[in-house]
Structures are given as C-alpha cells and as structure tokens.
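Visitor: Structure below; questions to follow.
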Amino acid sequence: MSFVAVVSLDALPEGKPYAAEVAGERLVLVRQGAQVFALADRCSHEDARLSEGYCEGERIECPRHGATFDLRTGRALTLPATEGVWTYPVRVVAGQVEVALAEREEAGAA
C-alpha cells in the first residue's frame with residue numbers, strides 16, 4: 001500500500017471537515033481524537049463538497065440537502081443519498097496524516 005502525506009495532524013481541527021486535494025483527487029479529512037477519516041469530497045446525491053458540510057459523531061452531513069454518510073465506511077445513512085462515497089485508508093506517521101489513494105473502498109447504499 002502506497003501512502004501519500006496530506007497534512008500535519010496538528011493542522012486538522014477536531015470534528016470539522018478539512019478539504020484537501022491530492023494527486024487530482026478531492027478529499028475530505030475528519031479528525032476525531034487520535035483517528036482520522038478520509039472520504040471522497042463529493043456527495044453521491046449531487047456534486048456538493050462534503051468538506052463544506054458538518055460532522056456529528058461518526059457522520060458527515062452534506063451541506064446541500066442534508067444527506068449523511070458514515071465517516072468510517074462512507075455508507076449513505078440518510079436520504080436523499082442512496083449510494084455511499086469512497087473511503088481511503090489513513091495513517092499518521094511522525095505527526096503527518098497520510099492517505100493511500102489507490103486503496104479506496106466503495107461504500108454501500110443506505
């Protein structure tokens with residue numbers, strides 16, 4: 001698995017979406033304590049940026065129509081989204097958040 005450094009852990013605010021672009025892919029990162037989640041920064045319902053949305057617990061909410069997605073799996077949890085979003089493996093090495101872009105996983109439907 002090949003990881004790419006994205007941002008320092010200290011730069012990620014707790015529980016708030018953080019937009020990043022890596023190798024042409026738009027990502028949204030969310031830090032919750034020592035864990036960091038990475039998802040595609042695009043709602044599966046419409047082309048809205050999840051990084052402009054809100055987080056509550058282990059969910060991220062789309063700012064446009066309120067669809068929610070599981071941060072861990074990318075699974076669509078509420079309508080109007082019926083399909084999930086890609087998730088990416090994340091690790092933290094020496095204070096840097098790294099993401100494996102080639103290892104993305106497709107999420108299931110609501």
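For the structure tokens, the naming scheme is as follows: chains receive sequential letters (A, B, ...) according to their order of presentation, residues are indexed from 1 within each chain, and ligands are indexed from 1 in presentation order.
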Excluding range 92-108 of chain A and its own-chain neighbours fewer than 6 positions away, which residues fall within 9 Å of it when counting only C-alpha atoms? Please give them as a ChimeraX atom specification.

Guide: /A:1-10,22-23,25,34-36,38-39,73-76,82-86

Visitor: Which residues are near Ala19 in chain A? Cut-off 9 Å, only C-alpha atoms, ignore same chain within fewer than 3 positions. Put them as a PyMOL selection string.

Guide: chain A and resi 26-29+41+49-52

Visitor: Could you write out that same residue set with N, CA, C and O atoms as a PDB file, in the first residue's frame?

Guide:
ATOM      1  N   ARG A  26     -10.131  15.088  -4.906  1.00  0.00           N
ATOM      2  CA  ARG A  26     -10.638  15.903  -3.801  1.00  0.00           C
ATOM      3  C   ARG A  26     -11.005  14.990  -2.640  1.00  0.00           C
ATOM      4  O   ARG A  26     -11.792  14.062  -2.795  1.00  0.00           O
ATOM      5  N   LEU A  27     -10.435  15.287  -1.479  1.00  0.00           N
ATOM      6  CA  LEU A  27     -10.699  14.511  -0.277  1.00  0.00           C
ATOM      7  C   LEU A  27     -11.262  15.403   0.818  1.00  0.00           C
ATOM      8  O   LEU A  27     -11.020  16.605   0.823  1.00  0.00           O
ATOM      9  N   VAL A  28     -11.982  14.788   1.737  1.00  0.00           N
ATOM     10  CA  VAL A  28     -12.367  15.455   2.974  1.00  0.00           C
ATOM     11  C   VAL A  28     -11.802  14.596   4.099  1.00  0.00           C
ATOM     12  O   VAL A  28     -11.977  13.374   4.115  1.00  0.00           O
ATOM     13  N   LEU A  29     -11.065  15.235   4.991  1.00  0.00           N
ATOM     14  CA  LEU A  29     -10.493  14.563   6.152  1.00  0.00           C
ATOM     15  C   LEU A  29     -11.223  15.051   7.395  1.00  0.00           C
ATOM     16  O   LEU A  29     -11.572  16.230   7.494  1.00  0.00           O
ATOM     17  N   ASP A  41     -14.479  13.867  -1.463  1.00  0.00           N
ATOM     18  CA  ASP A  41     -15.143  15.136  -1.135  1.00  0.00           C
ATOM     19  C   ASP A  41     -16.225  15.452  -2.151  1.00  0.00           C
ATOM     20  O   ASP A  41     -16.216  16.479  -2.808  1.00  0.00           O
ATOM     21  N   ARG A  49     -19.717  19.555  -2.090  1.00  0.00           N
ATOM     22  CA  ARG A  49     -18.499  19.212  -1.350  1.00  0.00           C
ATOM     23  C   ARG A  49     -18.846  18.892   0.102  1.00  0.00           C
ATOM     24  O   ARG A  49     -19.347  19.745   0.830  1.00  0.00           O
ATOM     25  N   LEU A  50     -18.537  17.681   0.510  1.00  0.00           N
ATOM     26  CA  LEU A  50     -18.775  17.285   1.898  1.00  0.00           C
ATOM     27  C   LEU A  50     -17.917  18.094   2.859  1.00  0.00           C
ATOM     28  O   LEU A  50     -18.296  18.301   4.009  1.00  0.00           O
ATOM     29  N   SER A  51     -16.787  18.594   2.374  1.00  0.00           N
ATOM     30  CA  SER A  51     -15.907  19.408   3.225  1.00  0.00           C
ATOM     31  C   SER A  51     -16.562  20.718   3.640  1.00  0.00           C
ATOM     32  O   SER A  51     -16.098  21.375   4.565  1.00  0.00           O
ATOM     33  N   GLU A  52     -17.652  21.096   2.991  1.00  0.00           N
ATOM     34  CA  GLU A  52     -18.380  22.303   3.358  1.00  0.00           C
ATOM     35  C   GLU A  52     -19.565  21.967   4.272  1.00  0.00           C
ATOM     36  O   GLU A  52     -20.351  22.836   4.620  1.00  0.00           O
TER      37      GLU A  52
END
